[in-house]
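One structure below.
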Amino acid sequence: MSKVIIEVKNYSWQYINTTEPALRNINLTIEEGNFIGVIGPNGSGKTTLAYSLDGLIPGQYNGIKQGEVFVFGKEVEQYEKGDLQRSVGVVFSDPEAQFTAMTVEDELVFGMENLGMSIPEIRERLEWVTDLVNLKPLLMKPPYEISGGQKQRVALAAVLAMTPKVMILDEPTSMLDPVSRKRVFEVLEELKKEHRNTIIVVEHSLENLIPLADRMILLSNGELVLEDETHRFFQNMPLLLEKSVYPPGALLFFYKLMTAGYSNHQLPLTLDEAEKKLKDLIKNRTLQGEQR
Ligand SMILES: Nc1ncnc2c1ncn2[C@@H]1O[C@H](COP(=O)(O)OP(=O)(O)OP(=O)(O)O)[C@@H](O)[C@H]1O
Ligand SMILES: [Mg+2]
């Protein structure tokens with residue numbers, strides 16, 4: 001059994017001056033090295049959960065908290081200011097909010113300096129992330145003068161450069177073109193395989209998320225409705241559809257075949273799995289036909 005990194009216990013959060021809690025009685029355990037996908041409709045509490053795991057809530061927001069959020073065994077409120085953020089890095093869905101420096105390069109360097117890295121190490125990492133998310137042409141530009149997608153890549157690079165033990169990415173590819181989006185997920189795959197970081201990704205693009213996610217979380221109206229290993233999670237199609245989750249085409253296709261009585265096995269999640277499943281199905285049907 002892996003080490004538990006995050007433990008959320010009977011946790012509720014209500015922002016000040018609102019009438020309903022944004023998160024209600026959440027219980028959740030996340031183990032070291034896990035890749036977690038978080039989904040749910042707009043306003044379901046995904047960003048609020050991300051901020052709660054980083055201590056931004058309740059640190060920088062006013063509201064009512066109930067229950068506890070433990071990260072590395074310590075309640076988030078027990079950390080000295082800034083300490084938790086060294087081990088838990090967040091890429092915000094609004095990258096603008098994150099920038100403080102005059103150039104993209106400084107933006108990347110400041111974060112690493114704050115962690116106390118040596119100059120040679122900073123140089124090496126700067127080169128690494130610049131290549132990784134293709135930032136070379138942007139390094140000398142002010143962060144506020146670049147496009148939305150470029151900002152998102154800089155925000156991601158800034159967190160990657162620090163490679164915190166836990167990385168939380170809130171819709172990290174919402175402004176990216178398909179090629180850049182694919183690249184981000186390749187980078188995340190690399191981190192998962194080689195560095196064993198714990199990665200939590202809020203993302204609507206399930207095609208990209210599913211192949212990487214070990215476990216999935218569904219939030220709806222502030223409640224954790226479903227949390228499970230990714231394959232088991234997607235076998236709950238009636239619930240997912242009821243909660244407005246639109247699964248990838250291949251999965252939906254097989255769910256329709258299943259409800260029509262053609263297959264009663266596990267639903268495939270990816271195109272590759274679906275192809276294999278369809279071939280098996282056709283083969284079995286042909287065999288049955290020959291036997292008749
Ligand atoms: N700063 C805030 N002050 C008051 N209420 C807030 C604040 N931020 C979020 N909320 C409310 O909390 C609830 C959850 O919002 P949250 O941003 O966590 O949802 P989300 O799942 O991230 O949505 P989206 O998919 O749109 O990003 C919503 O009802 C929202 O209106
Ligand atoms: Mg959000």
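Scheme for the structure tokens: letters A, B, ... for chains in order shown; per-chain residue numbers from 1; ligand numbers from 1 in order shown.
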>> What does the list of residues within 9 Å of ligand 2 look like if you count only C-alpha atoms and all ligand atoms, written as an MDAnalysis selection string?
In response: chainID A and resid 42:48 50 92:93 170:171 202
Could you write out the selected residues, including N, CA and C atoms, as a short mmCIF file (atom, residue, chain, number, x, y, z; two decimals), in the first residue's frame?
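Saved to part09.cif:
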data_model
loop_
_atom_site.label_atom_id
_atom_site.label_comp_id
_atom_site.auth_asym_id
_atom_site.auth_seq_id
_atom_site.Cartn_x
_atom_site.Cartn_y
_atom_site.Cartn_z
N ASN A 42 -19.75 22.93 -14.48
CA ASN A 42 -19.38 24.27 -14.00
C ASN A 42 -20.02 24.50 -12.64
N GLY A 43 -19.23 25.06 -11.72
CA GLY A 43 -19.77 25.40 -10.41
C GLY A 43 -19.90 24.22 -9.47
N SER A 44 -19.36 23.05 -9.84
CA SER A 44 -19.56 21.87 -8.99
C SER A 44 -18.57 21.84 -7.82
N GLY A 45 -17.52 22.69 -7.86
CA GLY A 45 -16.61 22.75 -6.72
C GLY A 45 -15.18 22.29 -7.02
N LYS A 46 -14.85 22.08 -8.29
CA LYS A 46 -13.53 21.54 -8.66
C LYS A 46 -12.40 22.49 -8.25
N THR A 47 -12.55 23.78 -8.62
CA THR A 47 -11.52 24.76 -8.28
C THR A 47 -11.45 24.95 -6.77
N THR A 48 -12.59 24.96 -6.12
CA THR A 48 -12.63 25.10 -4.66
C THR A 48 -11.87 23.94 -4.00
N ALA A 50 -9.43 22.20 -5.44
CA ALA A 50 -8.01 22.41 -5.74
C ALA A 50 -7.40 23.42 -4.77
N PHE A 92 -3.29 27.55 -11.97
CA PHE A 92 -4.66 28.05 -11.90
C PHE A 92 -5.33 28.04 -13.27
N SER A 93 -6.66 27.97 -13.26
CA SER A 93 -7.36 27.99 -14.54
C SER A 93 -7.26 29.38 -15.18
N ASP A 170 -5.50 23.01 -12.69
CA ASP A 170 -6.92 23.30 -12.86
C ASP A 170 -7.20 23.70 -14.31
N GLU A 171 -7.75 22.80 -15.06
CA GLU A 171 -8.02 23.00 -16.49
C GLU A 171 -6.80 23.59 -17.20
N VAL A 202 -7.78 18.80 -13.03
CA VAL A 202 -9.17 19.11 -13.33
C VAL A 202 -9.24 19.32 -14.83
#
> Quick one: residues within 12 Å of Glu203 (chain A), only C-alpha atoms counted, chain neighbours fewer than 6 positions away excluded, as a PyMOL selection string?
Replying inline: chain A and resi 36-42+46-47+92-93+168-175+181+185+209-210+212-213+216-218+245
Write out the residues from the selection above, keeping N, CA and C atoms, as an mmCIF file, in the first residue's frame.
data_model
loop_
_atom_site.group_PDB
_atom_site.id
_atom_site.type_symbol
_atom_site.label_atom_id
_atom_site.label_comp_id
_atom_site.auth_asym_id
_atom_site.auth_seq_id
_atom_site.Cartn_x
_atom_site.Cartn_y
_atom_site.Cartn_z
ATOM 1 N N ILE A 36 -4.713 11.706 -10.529
ATOM 2 C CA ILE A 36 -6.143 11.795 -10.249
ATOM 3 C C ILE A 36 -6.814 12.742 -11.238
ATOM 4 N N GLY A 37 -7.860 12.306 -11.869
ATOM 5 C CA GLY A 37 -8.646 13.172 -12.748
ATOM 6 C C GLY A 37 -9.873 13.665 -11.998
ATOM 7 N N VAL A 38 -10.119 14.977 -12.042
ATOM 8 C CA VAL A 38 -11.290 15.541 -11.362
ATOM 9 C C VAL A 38 -12.224 16.124 -12.415
ATOM 10 N N ILE A 39 -13.465 15.661 -12.421
ATOM 11 C CA ILE A 39 -14.425 16.198 -13.382
ATOM 12 C C ILE A 39 -15.719 16.611 -12.671
ATOM 13 N N GLY A 40 -16.553 17.331 -13.412
ATOM 14 C CA GLY A 40 -17.832 17.792 -12.865
ATOM 15 C C GLY A 40 -18.248 19.043 -13.610
ATOM 16 N N PRO A 41 -19.547 19.343 -13.614
ATOM 17 C CA PRO A 41 -20.036 20.510 -14.353
ATOM 18 C C PRO A 41 -19.525 21.837 -13.775
ATOM 19 N N ASN A 42 -19.751 22.929 -14.482
ATOM 20 C CA ASN A 42 -19.381 24.267 -13.995
ATOM 21 C C ASN A 42 -20.018 24.500 -12.640
ATOM 22 N N LYS A 46 -14.854 22.077 -8.292
ATOM 23 C CA LYS A 46 -13.533 21.542 -8.656
ATOM 24 C C LYS A 46 -12.401 22.493 -8.246
ATOM 25 N N THR A 47 -12.554 23.776 -8.623
ATOM 26 C CA THR A 47 -11.518 24.760 -8.282
ATOM 27 C C THR A 47 -11.451 24.946 -6.770
ATOM 28 N N PHE A 92 -3.289 27.553 -11.967
ATOM 29 C CA PHE A 92 -4.664 28.048 -11.902
ATOM 30 C C PHE A 92 -5.330 28.036 -13.270
ATOM 31 N N SER A 93 -6.660 27.966 -13.261
ATOM 32 C CA SER A 93 -7.365 27.990 -14.544
ATOM 33 C C SER A 93 -7.259 29.377 -15.181
ATOM 34 N N ILE A 168 -1.166 20.294 -8.795
ATOM 35 C CA ILE A 168 -2.605 20.383 -9.050
ATOM 36 C C ILE A 168 -2.799 21.292 -10.252
ATOM 37 N N LEU A 169 -3.412 20.778 -11.278
ATOM 38 C CA LEU A 169 -3.588 21.540 -12.504
ATOM 39 C C LEU A 169 -5.077 21.741 -12.756
ATOM 40 N N ASP A 170 -5.500 23.008 -12.693
ATOM 41 C CA ASP A 170 -6.924 23.305 -12.856
ATOM 42 C C ASP A 170 -7.199 23.700 -14.307
ATOM 43 N N GLU A 171 -7.751 22.798 -15.055
ATOM 44 C CA GLU A 171 -8.020 23.003 -16.490
ATOM 45 C C GLU A 171 -6.802 23.595 -17.203
ATOM 46 N N PRO A 172 -5.689 22.854 -17.180
ATOM 47 C CA PRO A 172 -4.428 23.411 -17.685
ATOM 48 C C PRO A 172 -4.379 23.582 -19.194
ATOM 49 N N THR A 173 -5.321 23.000 -19.920
ATOM 50 C CA THR A 173 -5.223 23.077 -21.381
ATOM 51 C C THR A 173 -6.438 23.750 -22.017
ATOM 52 N N SER A 174 -7.237 24.453 -21.191
ATOM 53 C CA SER A 174 -8.498 24.995 -21.721
ATOM 54 C C SER A 174 -8.277 25.988 -22.866
ATOM 55 N N MET A 175 -7.124 26.662 -22.895
ATOM 56 C CA MET A 175 -6.897 27.660 -23.954
ATOM 57 C C MET A 175 -5.910 27.176 -25.001
ATOM 58 N N ARG A 181 -2.090 20.991 -26.517
ATOM 59 C CA ARG A 181 -2.813 20.212 -25.507
ATOM 60 C C ARG A 181 -2.232 18.810 -25.406
ATOM 61 N N PHE A 185 -0.200 16.818 -22.158
ATOM 62 C CA PHE A 185 -0.505 15.505 -21.594
ATOM 63 C C PHE A 185 0.673 14.535 -21.742
ATOM 64 N N LEU A 209 -7.431 12.779 -20.638
ATOM 65 C CA LEU A 209 -7.304 12.493 -19.208
ATOM 66 C C LEU A 209 -7.342 10.985 -18.910
ATOM 67 N N ILE A 210 -8.272 10.287 -19.546
ATOM 68 C CA ILE A 210 -8.517 8.880 -19.206
ATOM 69 C C ILE A 210 -7.269 7.982 -19.311
ATOM 70 N N LEU A 212 -4.315 8.550 -18.736
ATOM 71 C CA LEU A 212 -3.312 8.826 -17.700
ATOM 72 C C LEU A 212 -3.828 8.597 -16.283
ATOM 73 N N ALA A 213 -5.124 8.785 -16.096
ATOM 74 C CA ALA A 213 -5.661 8.816 -14.731
ATOM 75 C C ALA A 213 -5.713 7.427 -14.099
ATOM 76 N N MET A 216 -10.464 8.502 -10.742
ATOM 77 C CA MET A 216 -11.272 9.643 -11.171
ATOM 78 C C MET A 216 -12.199 10.063 -10.036
ATOM 79 N N ILE A 217 -12.459 11.379 -10.002
ATOM 80 C CA ILE A 217 -13.368 11.947 -9.012
ATOM 81 C C ILE A 217 -14.438 12.722 -9.755
ATOM 82 N N LEU A 218 -15.694 12.511 -9.397
ATOM 83 C CA LEU A 218 -16.776 13.312 -9.981
ATOM 84 C C LEU A 218 -17.414 14.166 -8.891
ATOM 85 N N VAL A 245 -21.935 14.080 -17.461
ATOM 86 C CA VAL A 245 -20.580 13.761 -17.925
ATOM 87 C C VAL A 245 -20.710 13.164 -19.319
#
> Can you list, as a PyMOL selection string, every protein, DNA or RNA residue that comes within 10 Å of Leu160 (chain A) when you count only C-alpha atoms, leaving out same-chain residues fewer than 6 positions away?
Replying inline: chain A and resi 89-91+108+125-126+128-129+132-133+154+167+187-188+191
Residues of the last selection are to be written out with N, CA and C atoms, as a CSV table (one decimal), in the first residue's frame.
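Contents of part_11.csv, as written:
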chain,number,residue,atom,x,y,z
A,89,GLY,N,2.1,22.4,-5.8
A,89,GLY,CA,2.1,23.5,-6.8
A,89,GLY,C,0.8,23.5,-7.6
A,90,VAL,N,0.2,24.7,-7.7
A,90,VAL,CA,-1.1,24.8,-8.5
A,90,VAL,C,-0.9,25.6,-9.7
A,91,VAL,N,-1.4,25.0,-10.8
A,91,VAL,CA,-1.6,25.8,-12.1
A,91,VAL,C,-3.1,26.3,-12.1
A,108,LEU,N,9.7,32.3,-14.5
A,108,LEU,CA,10.1,30.9,-14.2
A,108,LEU,C,11.2,30.9,-13.2
A,125,ARG,N,17.2,23.6,-15.2
A,125,ARG,CA,15.7,23.4,-15.2
A,125,ARG,C,15.0,24.4,-16.1
A,126,LEU,N,15.6,25.6,-16.2
A,126,LEU,CA,15.0,26.6,-17.1
A,126,LEU,C,15.1,26.1,-18.5
A,128,TRP,N,15.3,23.0,-19.4
A,128,TRP,CA,14.4,21.8,-19.5
A,128,TRP,C,13.0,22.2,-19.8
A,129,VAL,N,12.4,23.1,-19.0
A,129,VAL,CA,11.0,23.5,-19.2
A,129,VAL,C,10.8,24.3,-20.5
A,132,LEU,N,10.5,21.8,-23.0
A,132,LEU,CA,9.4,21.0,-22.8
A,132,LEU,C,8.1,21.6,-23.3
A,133,VAL,N,7.9,22.8,-23.0
A,133,VAL,CA,6.6,23.5,-23.4
A,133,VAL,C,6.8,24.5,-24.5
A,154,VAL,N,3.1,29.1,-19.9
A,154,VAL,CA,4.1,29.7,-19.0
A,154,VAL,C,3.7,29.3,-17.6
A,167,MET,N,1.3,18.1,-7.7
A,167,MET,CA,0.9,19.1,-8.7
A,167,MET,C,-0.6,19.1,-8.9
A,187,VAL,N,3.8,15.5,-21.5
A,187,VAL,CA,4.7,16.0,-20.4
A,187,VAL,C,4.2,15.4,-19.1
A,188,LEU,N,2.9,15.4,-18.9
A,188,LEU,CA,2.3,14.9,-17.6
A,188,LEU,C,2.6,13.4,-17.5
A,191,LEU,N,6.1,12.9,-16.4
A,191,LEU,CA,6.3,13.1,-15.0
A,191,LEU,C,5.7,12.0,-14.1
> If we count only C-alpha atoms, what is near Leu53 (chain A) at a cut-off of 10 Å, once residues fewer than 4 positions away on the same chain are taken out, given as a PyMOL selection string?
Replying inline: chain A and resi 6-8+47-49+57-58+69-71+75-76+84-85+88-90+166+168
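The neighbours of Phe99 (chain A) here are the residues that come within 8 Å of it, using only C-alpha atoms and leaving out any residue fewer than 5 positions away in the same chain; they are A:Glu107, A:Pro143, A:Ala155.
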> Quick one: residues within 12 Å of Leu251 (chain A), only C-alpha atoms counted, chain neighbours fewer than 4 positions away excluded, as a PyMOL selection string?
Replying inline: chain A and resi 206-207+210+231+234-237+240-241+245-247+255-258+266-275+277-278
Could you take the residues named above and write them with C-alpha atoms, as a compact mmCIF listing (two decimals), in the first residue's frame?
# COMPACT_ATOMS: atom_id res chain seq x y z
CA LEU A 206 -11.64 13.13 -21.13
CA GLU A 207 -9.90 11.68 -24.20
CA ILE A 210 -8.52 8.88 -19.21
CA HIS A 231 -11.98 1.67 -15.34
CA PHE A 234 -16.60 4.62 -16.09
CA GLN A 235 -18.68 1.49 -15.68
CA ASN A 236 -21.23 3.71 -13.86
CA MET A 237 -22.65 5.11 -17.07
CA LEU A 240 -22.34 9.70 -15.16
CA LEU A 241 -24.88 10.58 -17.85
CA VAL A 245 -20.58 13.76 -17.92
CA TYR A 246 -20.07 13.21 -21.64
CA PRO A 247 -17.77 10.25 -22.05
CA TYR A 255 -22.52 1.61 -23.75
CA LYS A 256 -25.20 1.84 -26.45
CA LEU A 257 -24.26 -1.60 -27.77
CA MET A 258 -24.42 -2.89 -24.21
CA GLN A 266 -16.50 -4.10 -19.23
CA LEU A 267 -16.83 -0.91 -21.23
CA PRO A 268 -13.66 0.06 -23.10
CA LEU A 269 -12.37 3.54 -22.29
CA THR A 270 -9.97 4.34 -25.12
CA LEU A 271 -10.04 3.91 -28.90
CA ASP A 272 -7.45 1.13 -28.71
CA GLU A 273 -9.46 -0.78 -26.13
CA ALA A 274 -12.63 -0.26 -28.17
CA GLU A 275 -10.99 -1.60 -31.34
CA LYS A 277 -13.33 -5.20 -28.00
CA LEU A 278 -15.12 -4.77 -31.32
>> Measuring between only C-alpha atoms, which one of A:Ala161, A:Ala101, A:Val201, A:Leu156 shows the shortest distance to Arg86 (chain A)?
In response: A:Ala161
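Taking only region 62-119 of chain A, the residues that DSSP calls strand (DSSP E) from the backbone come to A:Gly63, A:Ile64, A:Lys65, A:Gln66, A:Gly67, A:Glu68, A:Val69, A:Phe70, A:Val71, A:Lys74, A:Glu75, A:Val88, A:Gly89, A:Val90, A:Val91.
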>> When you look at Arg215 (chain A) with a cut-off of 8 Å (counting only C-alpha atoms), what residues show up, excluding the ones that are within fewer than 6 positions of it in the same chain? I need them as JSON, numbers by chain.
In response: {"A": [34, 35, 36, 37, 227, 228, 229, 230, 233]}
Please write the residues from the selection above to a file, keeping C-alpha atoms, as a short mmCIF file (atom, residue, chain, number, x, y, z; two decimals), in the first residue's frame.
data_model
loop_
_atom_site.label_atom_id
_atom_site.label_comp_id
_atom_site.auth_asym_id
_atom_site.auth_seq_id
_atom_site.Cartn_x
_atom_site.Cartn_y
_atom_site.Cartn_z
CA ASN A 34 -1.34 8.69 -8.06
CA PHE A 35 -2.66 10.54 -11.08
CA ILE A 36 -6.14 11.80 -10.25
CA GLY A 37 -8.65 13.17 -12.75
CA GLU A 227 -14.54 8.27 -6.73
CA ASP A 228 -12.93 5.13 -8.08
CA GLU A 229 -10.21 3.49 -10.12
CA THR A 230 -10.63 4.84 -13.67
CA PHE A 233 -15.44 4.64 -12.48
#
>> Could you check the closest approach to ligand 1 for each of A:Glu113, A:Glu68, A:Glu32, A:Glu20 and tell me which residue wins, using only C-alpha atoms and all ligand atoms?
In response: A:Glu20
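The coordinates place CA of Ser220 (chain A) at 21.0 Å from CA of Asn17 (chain A).
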> What residues in region 169-283 of chain A get the DSSP label helix (DSSP H, G or I)? Please answer as a PyMOL selection string.
Replying inline: chain A and resi 178-195+206-209+230-233+237-242+249-259+271-283
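A straight line drawn from CA of Glu105 (chain A) to CA of Ile119 (chain A) is 13.9 Å long.
What separates CA of Glu242 (chain A) from CA of Gln66 (chain A) is a distance of 28.4 Å.
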